[in-house]
Amino acid sequence: MKNIPLNRYKYVLLTFLLFISVFTHANNLDNTPYKIKTIVVDAGHGGTDGATKGVFSREKDIALQVALRLGKAIEENLKDVKVVYTRTTDVFIPLYERIGIANRAKADIFISIHCNSMPFKKIVNGYRKDSRGRKIPIYKTVQSTSTRGTETFVSGFGRLDEQDVVMRENESILLEKDYKDNYEGYDPKDPESIILLSLMKNAFREQSIKLASFIQEEYIQSGRIDRGVKEQSLAVLAKAGMPAVLTEIGFVSNPEEEEYMNSELGQNEIVANLLKAIQTYKKQAEME
């Protein structure tokens, strides 16, 4: 038998040990416990995108105030979590850029804060007669002020007869240059084209629904009216690379809820609800 030099044995042994070391390191990486490290807080609308308002306040301002409070609460209570804001001032951020910020930050959660509002509708407010004596209806524009409650959305398919919120939130796209290129031909003025956004698959549907459910449960605990968790084709959530939700914290078109959302007590309670939901979700996600 041919003798193999000692150095050859040493080389083979070192190679084997190196292989074991690399394999063990890779295996340890795979077994690293999952931790939620980054949360993106998105204040809805802003800048030129801020038409929705109540009697004395605007949605974009309430959303920003709550977003900043929530970010601060997360930093104070979840020391191991980094908070990234999509905006901290009254500026317009395109919808695709909001989720782009989250994707680039490799965020673990994306939460977008909005205020709901009932659409204005025309109703018959009497009749007049024309020159031929025919009755002509007189219309006036009204908005329901009694509707109230909270609801939280995740990306998904929505029924075409339930698209009021979708069309209102997605109208921000019209303020963006080349919006059809950014959203694959989507036209927010056309209810039928909402289905296009649903083709942008959200791989985090189950986790998003879980987070949204925790949020709604916390609202209920505070005595808020529950309008549920809903799946809709919202542009701001469509390309999220993480669990993502859009929460409507109340109706700015309802005088009582507008007052509540503008008060320090109301904002603190909303933030406490959102923080508790995030903490519950974080605990479960890191145990799985």
# chains A, B, ... in the order shown; residues from 1 in each chain; ligands from 1
$ residues_around --residues "A:Leu246" --least-positions-apart "3" --cutoff "8 Å" --atoms "only C-alpha atoms" --output "PyMOL selection string"
chain A and resi 111-114+152-154+237
$ select_by_dssp --residues "stretch 34-132 of chain A" --states "helix (DSSP H, G or I)" --output "JSON, numbers by chain"
{"A": [59, 60, 61, 62, 63, 64, 65, 66, 67, 68, 69, 70, 71, 72, 73, 74, 75, 76, 77, 95, 96, 97, 98, 99, 100, 101, 102, 103, 104]}
$ closest_residue --among "A:Ser208, A:Ile39, A:Asn116, A:Ala285" --to "A:Glu59" --atoms "only C-alpha atoms"
A:Asn116
$ atom_distance --atom1 "atom CA of A:Asn262" --atom2 "atom CA of A:Thr150"
15.3 Å
$ atom_distance --atom1 "atom CA of A:Ile123" --atom2 "atom CA of A:Ser146"
16.6 Å
$ residues_around --residues "stretch 61-64 of chain A" --least-positions-apart "2" --cutoff "9 Å" --atoms "only C-alpha atoms" --output "number ranges by chain"
A: 42-46, 50, 57-59, 66-69, 87-90, 112-115, 249, 261-262, 267
$ closest_residue --among "A:Lys276, A:Arg205, A:Lys60, A:Lys282" --to "A:Ala73" --atoms "only C-alpha atoms"
A:Lys276
$ closest_residue --among "A:Leu70, A:Ile101, A:Val91, A:Met242" --to "A:Leu275" --atoms "only C-alpha atoms"
A:Leu70
$ residues_around --residues "A:Ser213" --least-positions-apart "6" --cutoff "9 Å" --atoms "only C-alpha atoms" --output "count of residues only"
4
